[in-house]
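Reproduced below: query-v6.txt, with compact mmCIF, C-alpha atoms.
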# COMPACT_ATOMS: atom_id res chain seq x y z
CA MET V 549 38.03 -26.30 22.55
CA LYS V 550 34.55 -27.46 21.46
CA GLU V 551 33.47 -23.88 20.74
CA THR V 552 36.59 -23.32 18.65
CA GLN V 553 35.90 -26.49 16.64
CA THR V 554 32.28 -25.45 16.14
CA LYS V 555 33.34 -22.04 14.86
CA ARG V 556 35.84 -23.55 12.44
CA THR V 557 33.22 -25.95 11.12
CA MET V 558 30.67 -23.16 10.67
CA ASP V 559 33.25 -20.94 8.97
CA GLU V 560 34.00 -23.69 6.46
CA PHE V 561 30.27 -24.28 5.95
CA VAL V 562 29.57 -20.60 5.28
CA LEU V 563 32.59 -20.32 2.99
CA ALA V 564 31.30 -23.24 0.92
CA LEU V 565 27.92 -21.50 0.51
CA VAL V 566 29.48 -18.33 -0.91
CA PRO V 567 30.00 -19.56 -4.52
CA GLY V 568 26.39 -20.72 -4.75
CA SER V 569 25.19 -17.42 -3.29
CA LEU V 570 27.14 -15.48 -5.90
CA VAL V 571 25.87 -17.66 -8.75
CA MET V 572 22.27 -17.27 -7.58
CA THR V 573 22.75 -13.50 -7.34
CA TYR V 574 24.24 -13.45 -10.84
CA ILE V 575 21.25 -15.35 -12.21
CA PHE V 576 18.36 -13.94 -10.17
CA GLY V 577 19.60 -10.50 -9.22
CA LEU V 578 20.06 -8.44 -6.09
CA GLY V 579 16.98 -9.89 -4.43
CA ILE V 580 19.11 -12.85 -3.39
CA LEU V 581 21.60 -10.61 -1.59
CA ILE V 582 18.76 -8.69 0.08
CA ASN V 583 17.31 -11.98 1.32
CA ILE V 584 20.72 -13.01 2.69
CA LEU V 585 21.31 -9.69 4.45
CA THR V 586 17.78 -9.62 5.89
CA ALA V 587 17.94 -13.22 7.08
CA VAL V 588 21.39 -12.93 8.66
CA VAL V 589 20.57 -9.70 10.49
CA THR V 590 17.24 -11.10 11.71
CA VAL V 591 18.85 -14.35 12.88
CA VAL V 592 21.48 -12.54 14.90
CA LEU V 593 18.91 -10.14 16.38
CA CYS V 594 16.53 -12.97 17.34
CA GLU V 595 19.32 -14.96 18.94
CA TYR V 596 20.56 -11.91 20.84
CA LEU V 597 17.11 -11.00 22.18
CA PHE V 598 16.33 -14.57 23.22
CA LEU V 599 19.64 -15.10 24.97
CA ARG V 600 19.37 -11.79 26.81
CA ALA V 601 15.79 -12.54 27.84
CA ARG V 602 16.90 -15.86 29.31
CA GLY V 603 19.92 -14.30 31.02
CA MET V 604 22.30 -16.45 28.97
CA THR V 605 25.65 -15.45 27.47
CA VAL V 606 25.42 -13.88 24.02
CA SER V 607 28.94 -14.95 23.08
CA THR V 608 27.56 -18.07 21.40
CA ILE V 609 26.29 -15.85 18.57
CA LEU V 610 29.91 -15.57 17.47
CA ASP V 611 30.27 -19.33 16.88
CA GLY V 612 28.98 -18.92 13.32
CA SER V 613 25.88 -21.09 13.66
CA ALA V 614 23.55 -18.09 13.41
CA LEU V 615 25.25 -16.87 10.25
CA ALA V 616 25.12 -20.36 8.72
CA THR V 617 21.42 -20.78 9.52
CA GLY V 618 20.51 -17.38 8.12
CA LEU V 619 22.49 -17.87 4.93
CA LEU V 620 21.16 -21.36 4.28
CA PHE V 621 17.57 -20.28 4.90
CA ALA V 622 17.94 -17.25 2.62
CA LEU V 623 19.18 -19.41 -0.26
CA THR V 624 15.89 -21.33 -0.26
CA LEU V 625 13.79 -18.20 -0.80
CA PRO V 626 12.58 -16.61 -4.06
CA PRO V 627 14.55 -13.44 -4.85
CA LEU V 628 11.50 -11.16 -4.90
CA LEU V 629 9.84 -12.52 -1.77
CA PRO V 630 8.64 -9.63 0.42
CA ILE V 631 11.09 -8.73 3.18
CA SER V 632 8.34 -9.09 5.79
CA MET V 633 7.98 -12.78 4.89
CA VAL V 634 11.73 -13.30 5.12
CA ILE V 635 11.74 -11.82 8.62
CA LEU V 636 8.72 -13.88 9.67
CA GLY V 637 10.33 -17.07 8.40
CA VAL V 638 13.60 -16.36 10.21
CA ALA V 639 11.82 -15.58 13.47
CA PHE V 640 9.96 -18.89 13.26
CA THR V 641 13.19 -20.70 12.42
CA ILE V 642 15.11 -19.37 15.42
CA LEU V 643 12.55 -18.77 18.13
CA ILE V 644 10.27 -21.76 17.55
CA VAL V 645 12.29 -24.45 15.78
CA LYS V 646 15.64 -23.85 17.46
CA TYR V 647 15.20 -22.39 20.93
CA VAL V 648 11.91 -24.01 21.94
CA PHE V 649 13.84 -27.28 21.73
CA GLY V 650 16.74 -25.94 23.77
CA GLY V 651 18.99 -24.17 21.28
CA LEU V 652 21.93 -25.31 19.18
CA GLY V 653 22.48 -29.04 19.39
CA ASN V 654 19.04 -29.84 20.78
CA ASN V 655 16.63 -29.05 17.95
CA LEU V 656 14.81 -32.03 16.45
CA PHE V 657 14.09 -30.42 13.07
CA ASN V 658 16.42 -28.69 10.65
CA PRO V 659 15.72 -24.98 11.35
CA ALA V 660 16.15 -23.74 7.77
CA MET V 661 13.85 -26.42 6.34
CA ALA V 662 11.23 -25.88 9.03
CA GLY V 663 11.22 -22.14 8.33
CA PHE V 664 10.98 -22.77 4.59
CA ALA V 665 8.10 -25.22 5.04
CA ALA V 666 6.24 -22.77 7.28
CA LEU V 667 6.45 -20.09 4.59
CA VAL V 668 5.39 -22.51 1.83
CA VAL V 669 2.29 -23.51 3.79
CA SER V 670 1.49 -19.93 4.78
CA PHE V 671 2.31 -18.15 1.53
CA PRO V 672 2.23 -20.75 -1.27
CA MET V 673 1.85 -18.30 -4.15
CA ALA V 674 4.68 -16.03 -3.04
CA MET V 675 7.00 -18.98 -2.37
CA SER V 676 6.35 -20.54 -5.78
CA SER V 677 7.12 -17.38 -7.79
CA TRP V 678 10.82 -17.24 -8.61
CA GLY V 679 12.47 -14.46 -10.57
CA ILE V 680 13.13 -14.72 -14.27
CA PRO V 681 16.80 -15.59 -14.84
CA PHE V 682 18.93 -12.60 -15.85
CA LEU V 683 16.01 -10.17 -15.55
CA ASP V 684 17.31 -6.61 -15.77
CA ILE V 685 15.89 -4.77 -12.75
CA ASP V 686 17.95 -2.46 -10.58
CA LEU V 687 18.26 -2.22 -6.81
CA VAL V 688 15.50 0.39 -6.44
CA GLU V 689 12.98 -1.66 -8.40
CA THR V 690 13.94 -4.78 -6.46
CA LEU V 691 13.43 -3.01 -3.13
CA GLU V 692 10.09 -1.58 -4.28
CA ILE V 693 8.85 -5.09 -4.96
CA LYS V 694 10.26 -6.57 -1.78
CA ILE V 695 8.89 -3.95 0.62
CA GLY V 696 5.36 -4.76 -0.46
CA SER V 697 4.63 -3.03 -3.75
CA PRO V 698 2.82 -5.25 -6.26
CA ALA V 699 5.27 -7.20 -8.40
CA ILE V 700 5.76 -5.75 -11.85
CA ASP V 701 4.27 -7.99 -14.54
CA GLY V 702 6.84 -10.32 -16.00
CA THR V 703 9.28 -10.32 -13.07
CA THR V 704 8.54 -13.85 -11.87
CA ARG V 705 8.12 -17.34 -13.28
CA ALA V 706 7.81 -20.87 -12.01
CA THR V 707 10.79 -23.13 -11.36
CA PRO V 708 11.57 -25.98 -13.80
CA LEU V 709 10.13 -28.51 -11.33
CA HIS V 710 6.84 -26.58 -11.27
CA GLU V 711 6.75 -26.08 -15.03
CA PHE V 712 7.49 -29.75 -15.75
CA LYS V 713 5.04 -31.06 -13.14
CA PHE V 714 2.16 -29.10 -14.68
CA ARG V 715 3.19 -29.42 -18.33
CA GLU V 716 -0.07 -31.15 -19.32
CA GLU V 717 -0.11 -34.02 -21.82
CA VAL V 718 3.11 -33.45 -23.73
CA THR V 719 6.15 -35.66 -24.17
CA ASN V 720 9.60 -34.70 -22.95
CA GLU V 721 10.69 -33.90 -26.49
CA GLU V 722 7.71 -31.62 -27.02
CA TYR V 723 8.22 -29.96 -23.65
CA TRP V 724 11.89 -29.07 -23.91
CA ASN V 725 11.76 -26.00 -26.13
CA GLU V 726 14.29 -23.21 -25.80
CA HIS V 727 12.07 -21.31 -23.36
CA TYR V 728 11.97 -24.11 -20.77
CA LEU V 729 15.49 -25.30 -21.47
CA GLU V 730 16.96 -21.88 -20.66
CA ASN V 731 15.20 -21.84 -17.29
CA TRP V 732 16.46 -25.34 -16.41
CA ARG V 733 20.03 -24.51 -17.47
CA SER V 734 20.11 -21.72 -14.89
CA TRP V 735 19.08 -24.12 -12.14
CA ALA V 736 21.50 -26.75 -13.38
CA PHE V 737 24.31 -24.20 -13.08
CA ILE V 738 23.26 -23.45 -9.50
CA ASN V 739 23.12 -27.14 -8.62
CA LEU V 740 26.53 -27.77 -10.17
CA THR V 741 27.98 -25.00 -8.02
CA PHE V 742 26.56 -26.51 -4.83
CA LEU V 743 27.79 -29.95 -5.95
CA PHE V 744 31.36 -28.67 -6.21
CA SER V 745 31.09 -26.71 -2.96
CA GLY V 746 29.63 -29.72 -1.18
CA SER V 747 32.42 -31.89 -2.53
CA TYR V 748 34.86 -29.42 -1.00
CA LEU V 749 33.26 -29.91 2.42
CA LEU V 750 33.37 -33.66 1.93
CA TYR V 751 37.07 -33.41 1.06
CA LYS V 752 37.69 -31.36 4.20
CA GLY V 753 36.04 -34.09 6.25
CA LEU V 754 33.22 -31.95 7.65
CA PHE V 755 30.74 -34.75 7.03
CA THR V 756 30.58 -38.29 5.64
CA TRP V 757 29.27 -39.31 2.23
CA TYR V 758 26.58 -41.77 3.32
CA ALA V 759 23.49 -39.52 3.40
CA PRO V 760 24.27 -37.40 0.28
CA VAL V 761 25.17 -40.41 -1.86
CA ALA V 762 22.16 -42.38 -0.61
CA MET V 763 19.79 -39.51 -1.41
CA LEU V 764 21.22 -38.79 -4.87
CA SER V 765 21.36 -42.48 -5.76
CA THR V 766 17.74 -42.98 -4.70
CA ILE V 767 16.53 -40.04 -6.79
CA THR V 768 18.55 -41.33 -9.74
CA LEU V 769 17.14 -44.84 -9.45
CA LEU V 770 13.52 -43.71 -9.05
CA SER V 771 13.70 -41.25 -11.93
CA LEU V 772 15.22 -43.98 -14.13
CA CYS V 773 12.40 -46.34 -13.22
CA PHE V 774 9.68 -43.77 -13.96
CA TYR V 775 11.32 -41.99 -16.88
CA ASP V 776 9.14 -44.03 -19.24
CA GLY V 777 11.25 -43.17 -22.25
CA GLY V 778 10.17 -39.56 -22.12
CA SER V 779 6.46 -40.04 -22.84
CA SER V 780 3.74 -37.70 -21.62
CA ALA V 781 3.50 -39.88 -18.49
CA SER V 782 7.21 -39.54 -17.74
CA LEU V 783 8.12 -38.22 -14.30
CA GLY V 784 11.39 -36.69 -15.49
CA SER V 785 14.89 -37.89 -16.26
CA PRO V 786 17.63 -38.41 -13.65
CA ILE V 787 19.58 -35.41 -14.96
CA PHE V 788 16.49 -33.24 -14.66
CA HIS V 789 15.83 -34.20 -11.04
CA LEU V 790 19.46 -34.13 -9.92
CA PHE V 791 20.05 -30.62 -11.24
CA SER V 792 16.72 -28.96 -10.49
CA GLY V 793 15.42 -27.24 -7.41
CA ALA V 794 17.41 -27.62 -4.20
CA THR V 795 18.74 -31.12 -4.88
CA MET V 796 22.46 -30.45 -4.43
CA LEU V 797 21.98 -27.80 -1.75
CA GLY V 798 19.91 -30.32 0.16
CA ALA V 799 22.25 -33.26 -0.34
CA PHE V 800 25.43 -31.55 0.84
CA PHE V 801 24.30 -28.71 3.11
CA ILE V 802 21.03 -29.87 4.68
CA LEU V 803 21.12 -33.65 5.03
CA THR V 804 24.57 -33.40 6.59
CA ASP V 805 23.42 -31.37 9.59
CA PRO V 806 24.95 -33.37 12.47
CA VAL V 807 22.23 -32.35 14.94
CA THR V 808 19.16 -33.51 12.98
CA SER V 809 20.60 -36.54 11.16
CA PRO V 810 21.42 -40.05 12.46
CA LYS V 811 24.78 -40.75 14.07
CA SER V 812 25.78 -44.03 12.43
CA SER V 813 26.76 -44.75 8.84
CA LEU V 814 23.84 -47.16 8.36
CA GLY V 815 21.47 -44.67 9.93
CA GLN V 816 22.69 -41.89 7.65
CA THR V 817 22.28 -44.17 4.64
CA LEU V 818 18.67 -44.95 5.58
CA PHE V 819 18.14 -41.26 6.26
CA GLY V 820 19.36 -40.34 2.76
CA ILE V 821 17.30 -43.09 1.10
CA GLY V 822 14.18 -41.93 2.91
CA ILE V 823 14.70 -38.31 1.91
CA GLY V 824 15.37 -39.32 -1.70
CA MET V 825 12.18 -41.37 -1.86
CA LEU V 826 10.01 -38.73 -0.21
CA THR V 827 11.49 -35.90 -2.28
CA PHE V 828 10.80 -37.74 -5.53
CA ALA V 829 7.29 -38.74 -4.42
CA ILE V 830 6.31 -35.22 -3.41
CA ARG V 831 7.82 -33.74 -6.57
CA THR V 832 5.98 -36.09 -8.88
CA ILE V 833 2.68 -37.08 -7.24
CA GLY V 834 2.40 -34.71 -4.27
CA GLY V 835 0.90 -31.26 -4.10
CA TYR V 836 4.19 -29.34 -4.18
CA PRO V 837 6.71 -29.26 -7.05
CA GLU V 838 9.68 -29.32 -4.64
CA GLY V 839 9.51 -31.84 -1.83
CA LEU V 840 12.95 -31.63 -0.25
CA ALA V 841 12.02 -29.55 2.81
CA PHE V 842 9.07 -31.75 3.75
CA ALA V 843 11.11 -34.89 3.12
CA VAL V 844 13.88 -33.65 5.42
CA LEU V 845 11.43 -32.74 8.18
CA LEU V 846 9.67 -36.10 7.99
CA MET V 847 12.99 -37.94 8.24
CA ASN V 848 14.13 -35.61 11.04
CA ALA V 849 11.09 -36.84 12.98
CA VAL V 850 12.18 -40.48 12.72
CA THR V 851 15.88 -39.84 13.34
CA PRO V 852 15.59 -40.52 17.10
CA LEU V 853 13.97 -43.87 16.25
CA ILE V 854 16.77 -44.70 13.80
CA ASN V 855 19.33 -43.89 16.48
CA ARG V 856 17.45 -45.90 19.10
CA LEU V 857 17.40 -49.02 16.94
CA SER V 858 21.11 -49.42 17.60
CA PHE V 859 22.27 -48.49 14.11
CA ASN V 860 25.21 -46.75 15.75
CA LYS V 861 26.81 -50.02 16.84
Go through the file and emit its structure as structure tokens.
Amino acid sequence: MKETQTKRTMDEFVLALVPGSLVMTYIFGLGILINILTAVVTVVLCEYLFLRARGMTVSTILDGSALATGLLFALTLPPLLPISMVILGVAFTILIVKYVFGGLGNNLFNPAMAGFAALVVSFPMAMSSWGIPFLDIDLVETLEIKIGSPAIDGTTRATPLHEFKFREEVTNEEYWNEHYLENWRSWAFINLTFLFSGSYLLYKGLFTWYAPVAMLSTITLLSLCFYDGGSSASLGSPIFHLFSGATMLGAFFILTDPVTSPKSSLGQTLFGIGIGMLTFAIRTIGGYPEGLAFAVLLMNAVTPLINRLSFNK
């Protein structure tokens, strides 16, 4: 009965990720689909080999958790990231983050975020180079880049969070020309898609609203406080932060992981507030333009403490 419920939950989760996957593919090209296919195949293969090596049943691969992990991880990766890095990140995600801690239901850290963070630390340049929206390159050219050939000039650019963070001494009004606005609109479209898909999961009752609302509210409040009227010292408007990077993907598909988040409503609220604060801090004053993964991992580490402090009463 439990396995059936798990499979149904994972099926709903994967289904909700499909619209965002299609939108990202539409904007950034076939590299997104290659990442998804590579990640999913690698996840299933790693799980199969580990379970066989331990003499455990491989039927658990069919519960959908492997597919969900692979798909979620793939959606955090730049479209032209070399396939070898995708495979390395997936192997770390499954073999180290998941099964070293005992497998599904026992891992302390969110596997997709841990794999993403490992790649960011190991390959910062490759992980910060996203494709240009609506760039016209075919499947062959995409594969040539992703199997290790040097990237063709003009195929990548920074994300809006990276561009805004290192914009130098210009005001918001001076910064937002058509060039930068077009890039942000693409990411806003992606975030809107994940917002609607996440709302669908919330409507279906797959998770509660405490952590997502707490995170989004915290980011909104902090960005309002430090917006500074749009001067050169501004840290960005609420709309900019809410619809840039992985904000909505994180709020509805990562924070809501039942294994690595607190059990009580108060605990989930504190969890979301902490992630919102850390994400905003890393984005604006930290060394990385996107801080969601590190924020999630840091709060994953204190989740057992939150649970222990009797917030589940």
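For the pair CA of Thr756 in chain V and CA of Ala666 in chain V, the interatomic distance is 28.9 Å.
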Test item: residues at most 6 Å from range 566-581 of chain V, all atoms listed in the file, excluding those fewer than 3 positions along its chain, as a list in words: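 Once the nearby chain positions are removed, what remains is Leu563, Ile584, Pro627, Leu628, Gly679, Pro681, Phe682, Thr741 and Phe742 of chain V.
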Selected residue of minimal separation from Gly824 in chain V among V:Val844, V:Val591, V:Val718, V:Ile644, counting all atoms listed in the file: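 Looking only at the distances to Gly824 in chain V, the closest residue turns out to be V:Val844.
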Which residue of V:Ala601, V:His727, V:Asn720, V:Ala736 approaches Ser785 in chain V most closely, using all atoms listed in the file: V:Asn720
Residues near range 812-818 of chain V, cut-off 12 Å, all atoms listed in the file, skip fewer than 6 positions along chain, as a ChimeraX atom specification: /V:755-766,799,803-806,824-825,847-848,850-861
Neighbour list for Ile635 in chain V as a list in words, cut-off 12 Å, all atoms listed in the file, skip fewer than 6 positions in-chain: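 Once the adjacent positions are removed, what remains is Ile582, Asn583, Ile584, Leu585, Thr586, Ala587, Val588, Val589, Thr590, Val591, Val592, Leu593, Cys594, Gly618, Phe621, Ala622, Leu625, Leu629, Thr641, Ile642, Leu643, Gly663, Phe664, Leu667, Lys694 and Ile695 of chain V.
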Pick from V:Thr719, V:Ser780, V:Asn725, V:Thr808, whichever lies nearest to Lys646 in chain V using only C-alpha atoms: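 Under the stated criterion, the closest residue is V:Thr808.
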Contacts of Tyr836 in chain V at 12 Å (all atoms listed in the file; same-chain gap of 2+ positions) as a PyMOL selection string: chain V and resi 665+668-669+672-673+675-676+707+709-711+713-714+793+826-834+838-843
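With distances restricted to all atoms listed in the file, V:Ala616 is the closest residue to Glu560 in chain V from V:Met604, V:Met661, V:Ile685, V:Ala616.
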Atomic distance CA of Ser677 in chain V - CA of Glu716 in chain V, expressed in Å with one decimal: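 Spanning CA of Ser677 in chain V to CA of Glu716 in chain V is a straight-line distance of 19.3 Å.
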Point-to-point distance from CA of Ile802 in chain V to CA of Thr624 in chain V, Å rounded to tenths: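 These atoms are spaced 11.1 Å apart.
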Test item: residues at most 8 Å from Met796 in chain V, all atoms listed in the file, excluding those fewer than 3 positions along its chain, as number ranges by chain: V: 739-740, 742-743, 746, 790-791, 799-801
Using all atoms listed in the file: which of V:Tyr647, V:Phe737, V:Tyr728, V:Tyr596 has the shortest distance to Ala794 in chain V: V:Phe737
Which of V:Leu783, V:Leu797, V:Arg715, V:Ala674 sits closest to Ile738 in chain V [using all atoms listed in the file]: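 Closest to Ile738 in chain V of all the choices is V:Leu797.
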